[in-house]
>>> print(open('final.txt').read())   # compact mmCIF, C-alpha atoms (C1' of nucleotides) and all ligand atoms
# COMPACT_ATOMS: atom_id res chain seq x y z
CA MET A 1 6.36 -12.13 38.35
CA ASN A 2 7.55 -9.80 41.08
CA LYS A 3 10.28 -7.20 41.36
CA ILE A 4 12.86 -9.61 42.81
CA GLN A 5 12.34 -12.14 40.02
CA ILE A 6 12.71 -9.48 37.35
CA GLU A 7 15.80 -8.15 39.13
CA ASN A 8 17.32 -11.65 39.03
CA LYS A 9 16.44 -12.07 35.39
CA LEU A 10 18.19 -8.83 34.52
CA SER A 11 21.33 -10.03 36.30
CA GLN A 12 21.11 -13.43 34.63
CA TYR A 13 21.24 -11.77 31.25
CA GLY A 14 24.19 -9.59 32.22
CA HIS A 15 22.31 -6.32 32.76
CA ARG A 16 22.76 -4.37 35.97
CA PRO A 17 19.66 -4.03 38.12
CA THR A 18 20.29 -0.34 38.62
CA ALA A 19 18.15 1.94 40.76
CA ALA A 20 16.68 3.63 37.68
CA ARG A 21 15.74 0.30 36.07
CA LEU A 22 14.18 -0.98 39.26
CA GLU A 23 12.12 2.19 39.51
CA VAL A 24 10.78 1.46 36.04
CA VAL A 25 10.04 -2.14 37.00
CA GLU A 26 8.25 -1.02 40.14
CA ALA A 27 6.12 1.46 38.21
CA LEU A 28 5.41 -1.18 35.59
CA LEU A 29 4.09 -3.59 38.20
CA ASN A 30 1.98 -0.91 39.88
CA PHE A 31 0.56 0.48 36.68
CA HIS A 32 -2.05 -2.13 35.91
CA GLY A 33 -2.90 -3.00 32.34
CA HIS A 34 -1.46 -1.86 29.04
CA MET A 35 0.64 1.26 28.72
CA THR A 36 2.86 3.16 26.34
CA ALA A 37 6.39 4.15 27.30
CA ASP A 38 5.25 7.75 27.70
CA ASP A 39 2.29 6.72 29.84
CA LEU A 40 4.69 5.01 32.18
CA TYR A 41 7.14 7.92 32.11
CA GLU A 42 4.43 10.43 32.95
CA HIS A 43 3.09 8.22 35.69
CA MET A 44 6.56 8.01 37.19
CA GLN A 45 6.95 11.77 36.96
CA SER A 46 3.68 12.24 38.79
CA THR A 47 4.97 10.12 41.65
CA GLY A 48 8.09 12.21 41.94
CA SER A 49 10.53 9.96 40.12
CA SER A 50 13.49 11.62 38.45
CA VAL A 51 14.18 8.80 36.00
CA GLY A 52 14.52 10.19 32.48
CA ARG A 53 12.37 9.44 29.50
CA MET A 54 15.16 7.70 27.61
CA THR A 55 15.77 5.35 30.48
CA VAL A 56 12.11 4.37 30.52
CA PHE A 57 12.23 3.59 26.79
CA ARG A 58 15.49 1.72 27.09
CA THR A 59 14.42 -0.26 30.12
CA LEU A 60 11.21 -1.33 28.43
CA ASP A 61 13.23 -2.47 25.41
CA LEU A 62 15.53 -4.38 27.71
CA LEU A 63 12.61 -6.01 29.50
CA ALA A 64 11.14 -6.97 26.14
CA GLU A 65 14.45 -8.57 25.18
CA ILE A 66 14.45 -10.78 28.24
CA GLY A 67 10.77 -11.64 27.95
CA VAL A 68 9.26 -9.65 30.82
CA VAL A 69 7.11 -7.42 28.67
CA ARG A 70 6.04 -7.37 25.06
CA PRO A 71 5.19 -4.42 22.83
CA THR A 72 1.87 -4.67 21.03
CA TYR A 73 0.13 -2.30 18.68
CA GLN A 74 -3.29 -1.00 19.62
CA GLY A 75 -3.83 1.45 16.81
CA SER A 76 -2.67 4.58 18.60
CA GLY A 77 0.69 4.97 16.90
CA ALA A 78 2.62 4.17 20.07
CA ALA A 79 3.69 0.73 21.23
CA HIS A 80 1.68 -0.61 24.15
CA PHE A 81 3.60 -2.79 26.55
CA VAL A 82 1.96 -5.73 28.27
CA LEU A 83 3.39 -7.71 31.14
CA LEU A 84 4.01 -11.36 30.30
CA GLU A 85 2.97 -12.93 33.61
CA ASP A 86 4.48 -16.42 33.69
CA GLY A 87 5.61 -15.89 30.12
CA HIS A 88 2.24 -15.37 28.54
CA HIS A 89 -0.52 -12.85 28.12
CA HIS A 90 -3.99 -13.04 26.56
CA HIS A 91 -6.44 -10.36 25.64
CA LEU A 92 -9.51 -9.52 23.65
CA VAL A 93 -9.29 -6.37 21.50
CA CYS A 94 -12.14 -4.48 19.93
CA MET A 95 -11.36 -3.90 16.25
CA ARG A 96 -13.31 -0.63 16.31
CA CYS A 97 -12.47 1.21 19.52
CA ALA A 98 -9.34 -0.70 20.62
CA GLN A 99 -10.78 -1.44 24.05
CA THR A 100 -8.96 -4.42 25.53
CA VAL A 101 -10.01 -7.03 28.05
CA GLU A 102 -7.44 -9.37 29.54
CA PHE A 103 -8.20 -12.97 30.36
CA ALA A 104 -6.31 -15.78 32.04
CA GLU A 105 -7.57 -18.84 30.18
CA CYS A 106 -4.76 -20.30 28.10
CA SER A 107 -5.45 -22.67 25.24
CA PHE A 108 -1.85 -22.96 24.15
CA ALA A 109 -0.73 -26.57 23.92
CA GLU A 110 2.68 -27.40 25.32
CA ASP A 111 3.32 -30.05 22.69
CA LEU A 112 2.79 -27.56 19.88
CA SER A 113 5.43 -25.40 21.53
CA GLN A 114 7.95 -28.25 21.54
CA GLN A 115 7.12 -29.20 18.00
CA LEU A 116 7.68 -25.64 16.77
CA ALA A 117 10.85 -25.23 18.78
CA GLU A 118 12.39 -28.25 17.09
CA LYS A 119 11.12 -27.45 13.64
CA HIS A 120 12.42 -23.88 13.57
CA GLY A 121 15.35 -24.02 15.97
CA PHE A 122 13.80 -21.52 18.37
CA LYS A 123 14.13 -21.59 22.14
CA ILE A 124 10.59 -20.69 23.12
CA GLU A 125 9.98 -18.43 26.10
CA GLY A 126 6.43 -17.15 25.95
CA HIS A 127 3.45 -16.12 23.92
CA LEU A 128 0.74 -13.57 23.38
CA LEU A 129 -2.75 -14.46 22.25
CA GLU A 130 -4.76 -11.57 20.86
CA ILE A 131 -8.38 -12.22 20.02
CA TYR A 132 -10.12 -9.73 17.76
CA GLY A 133 -13.74 -8.90 17.85
CA VAL A 134 -16.28 -6.16 18.29
CA CYS A 135 -17.24 -5.08 21.80
CA LYS A 136 -20.82 -4.74 22.99
CA LYS A 137 -20.78 -0.96 22.70
CA CYS A 138 -19.44 -0.99 19.12
CA GLN A 139 -21.91 -3.70 18.06
CA ALA A 140 -24.73 -1.40 19.12
CA GLY A 141 -23.35 1.78 17.51
CA MET B 142 -8.76 -14.64 1.37
CA ASN B 143 -8.64 -13.26 -2.17
CA LYS B 144 -9.25 -9.87 -3.69
CA ILE B 145 -12.93 -10.52 -4.46
CA GLN B 146 -13.68 -11.64 -0.93
CA ILE B 147 -12.01 -8.56 0.52
CA GLU B 148 -13.86 -6.39 -1.96
CA ASN B 149 -17.15 -7.91 -0.79
CA LYS B 150 -16.23 -7.44 2.82
CA LEU B 151 -15.54 -3.75 2.23
CA SER B 152 -18.95 -3.35 0.65
CA GLN B 153 -20.62 -5.30 3.44
CA TYR B 154 -19.28 -2.82 5.95
CA GLY B 155 -20.40 0.16 3.92
CA HIS B 156 -17.04 1.14 2.45
CA ARG B 157 -16.64 1.64 -1.27
CA PRO B 158 -14.27 -0.75 -3.00
CA THR B 159 -12.60 2.07 -4.89
CA ALA B 160 -9.83 1.64 -7.42
CA ALA B 161 -7.24 3.03 -5.01
CA ARG B 162 -8.31 0.68 -2.22
CA LEU B 163 -8.28 -2.33 -4.49
CA GLU B 164 -4.79 -1.44 -5.62
CA VAL B 165 -3.71 -1.51 -1.99
CA VAL B 166 -5.45 -4.85 -1.49
CA GLU B 167 -3.78 -6.28 -4.56
CA ALA B 168 -0.33 -5.14 -3.44
CA LEU B 169 -1.03 -6.49 0.04
CA LEU B 170 -1.81 -9.92 -1.35
CA ASN B 171 1.25 -9.93 -3.59
CA PHE B 172 3.63 -8.65 -0.96
CA HIS B 173 4.12 -11.81 1.03
CA GLY B 174 4.72 -11.67 4.77
CA HIS B 175 4.79 -8.78 7.21
CA MET B 176 5.10 -5.18 6.12
CA THR B 177 4.84 -1.63 7.33
CA ALA B 178 2.54 0.87 5.64
CA ASP B 179 5.58 2.58 4.13
CA ASP B 180 6.99 -0.73 2.88
CA LEU B 181 3.75 -1.31 1.04
CA TYR B 182 3.60 2.26 -0.25
CA GLU B 183 7.14 2.06 -1.60
CA HIS B 184 6.46 -1.30 -3.16
CA MET B 185 3.42 0.13 -4.89
CA GLN B 186 5.44 3.10 -6.10
CA SER B 187 8.03 0.77 -7.56
CA THR B 188 5.35 -0.97 -9.58
CA GLY B 189 4.13 2.32 -11.01
CA SER B 190 1.09 2.87 -8.81
CA SER B 191 0.01 6.44 -8.23
CA VAL B 192 -1.92 5.77 -5.03
CA GLY B 193 -0.87 8.23 -2.33
CA ARG B 194 0.78 7.44 0.96
CA MET B 195 -2.21 8.58 2.99
CA THR B 196 -4.52 6.28 1.13
CA VAL B 197 -2.25 3.35 1.90
CA PHE B 198 -2.31 4.20 5.61
CA ARG B 199 -6.04 4.76 5.61
CA THR B 200 -6.81 1.62 3.65
CA LEU B 201 -4.70 -0.50 6.00
CA ASP B 202 -6.57 1.02 8.95
CA LEU B 203 -9.83 0.24 7.23
CA LEU B 204 -8.78 -3.34 6.54
CA ALA B 205 -7.77 -3.70 10.17
CA GLU B 206 -11.18 -2.46 11.23
CA ILE B 207 -12.95 -5.13 9.20
CA GLY B 208 -10.54 -7.88 10.24
CA VAL B 209 -8.55 -8.43 7.04
CA VAL B 210 -5.21 -7.38 8.50
CA ARG B 211 -3.87 -6.67 11.94
CA PRO B 212 -1.12 -4.29 13.03
CA THR B 213 1.57 -5.81 15.21
CA TYR B 214 4.68 -4.34 16.73
CA GLN B 215 8.02 -5.84 15.80
CA GLY B 216 10.33 -3.44 17.58
CA SER B 217 11.08 -1.14 14.65
CA GLY B 218 8.88 1.78 15.62
CA ALA B 219 6.45 1.23 12.78
CA ALA B 220 3.38 -0.99 12.83
CA HIS B 221 3.77 -4.21 10.87
CA PHE B 222 0.62 -5.46 9.20
CA VAL B 223 -0.09 -9.16 8.89
CA LEU B 224 -2.80 -10.72 6.79
CA LEU B 225 -5.40 -12.63 8.80
CA GLU B 226 -5.95 -15.57 6.45
CA ASP B 227 -9.26 -17.17 7.45
CA GLY B 228 -9.35 -14.80 10.40
CA HIS B 229 -6.17 -15.90 12.10
CA HIS B 230 -2.42 -15.63 11.94
CA HIS B 231 0.37 -17.30 13.89
CA HIS B 232 4.07 -16.55 14.09
CA LEU B 233 7.23 -17.07 16.01
CA VAL B 234 9.23 -13.93 16.82
CA CYS B 235 12.82 -13.75 17.95
CA MET B 236 13.05 -11.51 21.04
CA ARG B 237 16.54 -10.40 20.05
CA CYS B 238 16.59 -9.76 16.30
CA ALA B 239 12.82 -9.63 15.59
CA GLN B 240 13.07 -12.26 12.86
CA THR B 241 9.64 -13.82 12.35
CA VAL B 242 8.55 -17.23 11.09
CA GLU B 243 4.94 -17.89 10.24
CA PHE B 244 3.25 -21.19 10.90
CA ALA B 245 -0.14 -22.64 10.13
CA GLU B 246 -0.78 -24.89 13.13
CA CYS B 247 -3.61 -23.46 15.21
CA SER B 248 -4.13 -24.51 18.80
CA PHE B 249 -6.99 -22.14 19.46
CA ALA B 250 -10.01 -23.93 20.87
CA GLU B 251 -13.37 -22.98 19.44
CA ASP B 252 -15.15 -23.50 22.75
CA LEU B 253 -12.86 -21.01 24.48
CA SER B 254 -13.84 -18.50 21.82
CA GLN B 255 -17.53 -19.02 22.53
CA GLN B 256 -17.00 -18.88 26.26
CA LEU B 257 -15.12 -15.58 26.01
CA ALA B 258 -17.63 -14.11 23.60
CA GLU B 259 -20.44 -14.71 26.07
CA LYS B 260 -18.50 -13.63 29.12
CA HIS B 261 -17.37 -10.29 27.72
CA GLY B 262 -20.06 -9.50 25.20
CA PHE B 263 -17.66 -9.55 22.24
CA LYS B 264 -18.46 -10.77 18.76
CA ILE B 265 -15.25 -12.64 17.99
CA GLU B 266 -13.80 -12.51 14.48
CA GLY B 267 -10.21 -13.71 14.62
CA HIS B 268 -6.99 -14.01 16.49
CA LEU B 269 -3.23 -13.66 16.41
CA LEU B 270 -0.88 -15.99 18.23
CA GLU B 271 2.62 -14.63 18.72
CA ILE B 272 5.18 -16.99 20.20
CA TYR B 273 8.35 -15.43 21.59
CA GLY B 274 11.70 -17.09 21.68
CA VAL B 275 15.29 -16.85 20.60
CA CYS B 276 16.24 -17.95 17.10
CA LYS B 277 19.09 -20.30 16.34
CA LYS B 278 21.39 -17.49 15.23
CA CYS B 279 20.78 -15.40 18.36
CA GLN B 280 21.22 -18.43 20.64
CA ALA B 281 24.69 -18.89 19.18
CA GLY B 282 25.78 -15.24 19.31
C1' DC C 283 40.93 3.51 49.27
C1' DC C 284 42.46 5.30 44.42
C1' DT C 285 42.74 4.27 39.36
C1' DT C 286 40.92 2.77 35.24
C1' DG C 287 37.89 0.87 31.89
C1' DT C 288 33.12 -0.07 31.24
C1' DT C 289 28.23 0.59 31.62
C1' DT C 290 24.44 3.52 32.40
C1' DT C 291 22.12 7.79 32.46
C1' DG C 292 19.56 11.82 30.84
C1' DA C 293 19.51 16.30 28.18
C1' DT C 294 19.34 17.47 23.70
C1' DA C 295 19.06 16.87 18.79
C1' DT C 296 17.39 14.24 15.00
C1' DA C 297 14.76 11.10 12.46
C1' DA C 298 10.81 8.40 11.62
C1' DA C 299 5.94 7.51 11.73
C1' DA C 300 1.29 8.76 12.31
C1' DT C 301 -2.29 12.09 12.04
C1' DA C 302 -4.79 16.38 10.84
C1' DT C 303 -6.16 19.66 7.34
C1' DC C 304 -8.15 20.98 3.24
C1' DA C 305 -9.10 21.68 -1.57
C1' DC C 306 -10.32 18.81 -5.12
C1' DC C 307 -12.28 14.54 -7.35
C1' DA C 308 -15.56 10.61 -7.80
C1' DT C 309 -19.76 8.48 -7.04
C1' DG C 310 -24.65 7.69 -6.35
C1' DG C 311 -29.29 9.35 -5.54
C1' DC C 312 -32.43 12.79 -6.81
C1' DG D 313 -27.27 17.64 -14.56
C1' DC D 314 -27.07 18.91 -9.37
C1' DC D 315 -26.35 18.08 -4.81
C1' DA D 316 -24.79 15.46 -0.87
C1' DT D 317 -21.62 12.33 0.64
C1' DG D 318 -17.51 9.91 0.62
C1' DG D 319 -12.71 9.37 -0.90
C1' DT D 320 -8.16 11.13 -2.36
C1' DG D 321 -3.61 13.06 -2.01
C1' DA D 322 -0.38 17.04 -1.18
C1' DT D 323 1.17 19.32 2.62
C1' DA D 324 1.75 20.66 7.43
C1' DT D 325 1.86 19.26 12.08
C1' DT D 326 2.19 16.35 15.92
C1' DT D 327 3.61 12.35 18.12
C1' DT D 328 6.95 8.56 18.79
C1' DA D 329 11.28 6.64 18.53
C1' DT D 330 16.23 6.80 18.02
C1' DA D 331 20.96 8.72 17.93
C1' DT D 332 24.52 11.41 20.21
C1' DC D 333 27.40 12.59 23.82
C1' DA D 334 29.22 14.37 28.17
C1' DA D 335 28.71 13.31 32.79
C1' DA D 336 27.80 9.98 36.41
C1' DA D 337 27.82 5.43 38.51
C1' DC D 338 29.90 1.26 38.99
C1' DA D 339 33.11 -3.04 39.11
C1' DA D 340 37.56 -4.80 39.27
C1' DG D 341 42.39 -4.64 40.23
C1' DG D 342 46.21 -2.72 42.44
ZN ZN A 401 -15.39 -1.36 20.74
ZN ZN A 402 -1.08 -18.59 27.34
ZN ZN A 403 17.22 -13.79 16.50
ZN ZN A 404 -5.36 -19.76 14.81
>>> encode(input="final.txt", output="structure tokens")
Amino acid sequence: MNKIQIENKLSQYGHRPTAARLEVVEALLNFHGHMTADDLYEHMQSTGSSVGRMTVFRTLDLLAEIGVVRPTYQGSGAAHFVLLEDGHHHHLVCMRCAQTVEFAECSFAEDLSQQLAEKHGFKIEGHLLEIYGVCKKCQAG
Amino acid sequence: MNKIQIENKLSQYGHRPTAARLEVVEALLNFHGHMTADDLYEHMQSTGSSVGRMTVFRTLDLLAEIGVVRPTYQGSGAAHFVLLEDGHHHHLVCMRCAQTVEFAECSFAEDLSQQLAEKHGFKIEGHLLEIYGVCKKCQAG
DNA sequence: CCTTGTTTTGATATAAAATATCACCATGGC
DNA sequence: GCCATGGTGATATTTTATATCAAAACAAGG
């Protein structure tokens, strides 16, 4: 999902694709991997952006609402946002040290999605699969 | 997963199944669904427990470390803990109002688990599948 | 263009949640 | 019992998130 697509999605949902929001989107796409709102804000600061902290928080919330990102909890107290490429995201998380490894393989069946949508009246737009385990380093320690 | 099994798991991992911890476990099992640490603490208070707030936080962290619960983020600022029955948990979340619906159907393939374990050196112990969508009420509004 | 109503922004203030500290208590091995 | 280790809980502190509000940006209509 690129900047243009996200811009369109914002418009679709009646939110203006303002300069500040697009700066956040740009930073989000450049900043690879998981990040907290403050991580992203500080990264933007370091590249000379003048977008405020509140706008970063609000834009991430907005992007979560329209299904571009999703907040997850990685044990640090702050929400970590992950990009939902093509609507989904998958990662392994170490239960001890919170190290995460992303992977592309998707085992989510489309028919289960439909079945759940009907059963619960939801319009389904994406998913996150988190697998828990213990990483090599923590198995040794 | 019942109280005894969790008690054994604590011991297995070298943590004492103290009275305070078991009270938290008991409350956790009674309190159905998702909850924040403070939700659980307040619930315990209301039932006359004298276990302190810190112990509730610490016990939940401990249980997360051994795979009994998992913190998730549901947009409220506080971590929501879900019980990993038999190692896994699945729910639908509304992207607008954060309403959640749990479901039992599991589409996670065992062979993918093995494949990932080998590839990344993880010892896999469970998973969470979060499906995002818009609930009936929010579709209407 | 201007005017006007609406949305967005960002500084600041506030509230909420998580973590650190530390003295005390409980437990288990010696 | 005595010591070493681990666990507890009150409190203080830090970190995150949210509320507030005046100013700025914008869209629409005249
Ligand atoms: Zn690890
Ligand atoms: Zn997927
Ligand atoms: Zn909803
Ligand atoms: Zn499952």
>>> residues_near_ligand(input="final.txt", ligand="ligand ZN 401 (chain A)", cutoff="9 Å", atoms="all atoms listed in the file", output="PDB file with C-alpha atoms, in the frame of the given file")
ATOM      1  CA  VAL A  93      -9.290  -6.370  21.500  1.00  0.00           C
ATOM      2  CA  CYS A  94     -12.140  -4.480  19.930  1.00  0.00           C
ATOM      3  CA  MET A  95     -11.360  -3.900  16.250  1.00  0.00           C
ATOM      4  CA  ARG A  96     -13.310  -0.630  16.310  1.00  0.00           C
ATOM      5  CA  CYS A  97     -12.470   1.210  19.520  1.00  0.00           C
ATOM      6  CA  ALA A  98      -9.340  -0.700  20.620  1.00  0.00           C
ATOM      7  CA  GLN A  99     -10.780  -1.440  24.050  1.00  0.00           C
ATOM      8  CA  THR A 100      -8.960  -4.420  25.530  1.00  0.00           C
ATOM      9  CA  GLY A 133     -13.740  -8.900  17.850  1.00  0.00           C
ATOM     10  CA  VAL A 134     -16.280  -6.160  18.290  1.00  0.00           C
ATOM     11  CA  CYS A 135     -17.240  -5.080  21.800  1.00  0.00           C
ATOM     12  CA  LYS A 136     -20.820  -4.740  22.990  1.00  0.00           C
ATOM     13  CA  LYS A 137     -20.780  -0.960  22.700  1.00  0.00           C
ATOM     14  CA  CYS A 138     -19.440  -0.990  19.120  1.00  0.00           C
ATOM     15  CA  GLN A 139     -21.910  -3.700  18.060  1.00  0.00           C
TER      16      GLN A 139
ATOM     17  CA  PHE B 263     -17.660  -9.550  22.240  1.00  0.00           C
TER      18      PHE B 263
END
>>> interface_residues(input="final.txt", of="chain A", to="chain B", cutoff="8 Å", atoms="all atoms listed in the file", output="ChimeraX atom specification")
/A:64-67,71-75,77,79,94-96,107-109,112,120-136,139
>>> interface_residues(input="final.txt", of="chain D", to="chain A", cutoff="10 Å", atoms="only C-alpha atoms (C1' of nucleotides)", output="PyMOL selection string")
chain D and resi 327-330+337-338
>>> interface_residues(input="final.txt", of="chain C", to="chain A", cutoff="10 Å", atoms="all atoms listed in the file", output="PyMOL selection string")
chain C and resi 289-293+299-301
>>> atom_distance(input="final.txt", atom1="atom C1' of D:DC314", atom2="atom C1' of C:DG310")
11.9 Å
>>> atom_distance(input="final.txt", atom1="atom C1' of C:DA308", atom2="atom CA of B:Leu170")
25.5 Å
>>> residues_around(input="final.txt", residues="A:His32", least_positions_apart="4", cutoff="10 Å", atoms="all atoms listed in the file", output="PyMOL selection string")
chain A and resi 27-28+82-83
>>> atom_distance(input="final.txt", atom1="atom CA of A:Met35", atom2="atom CA of A:Leu63")
14.0 Å
>>> residues_around(input="final.txt", residues="D:DA331", least_positions_apart="5", cutoff="10 Å", atoms="all atoms listed in the file", output="list in words")
DA295, DT296 and DA297 of chain C
>>> residues_around(input="final.txt", residues="D:DA316", least_positions_apart="3", cutoff="12 Å", atoms="only C-alpha atoms (C1' of nucleotides)", output="VMD selection string")
chain C and resid 309 to 312
>>> write_last_selection(input="final.txt", atoms="C-alpha atoms (C1' of nucleotides)", output="PDB file, keeping the file's coordinate frame")
ATOM      1  C1'  DT C 309     -19.760   8.480  -7.040  1.00  0.00           C
ATOM      2  C1'  DG C 310     -24.650   7.690  -6.350  1.00  0.00           C
ATOM      3  C1'  DG C 311     -29.290   9.350  -5.540  1.00  0.00           C
ATOM      4  C1'  DC C 312     -32.430  12.790  -6.810  1.00  0.00           C
TER       5       DC C 312
END
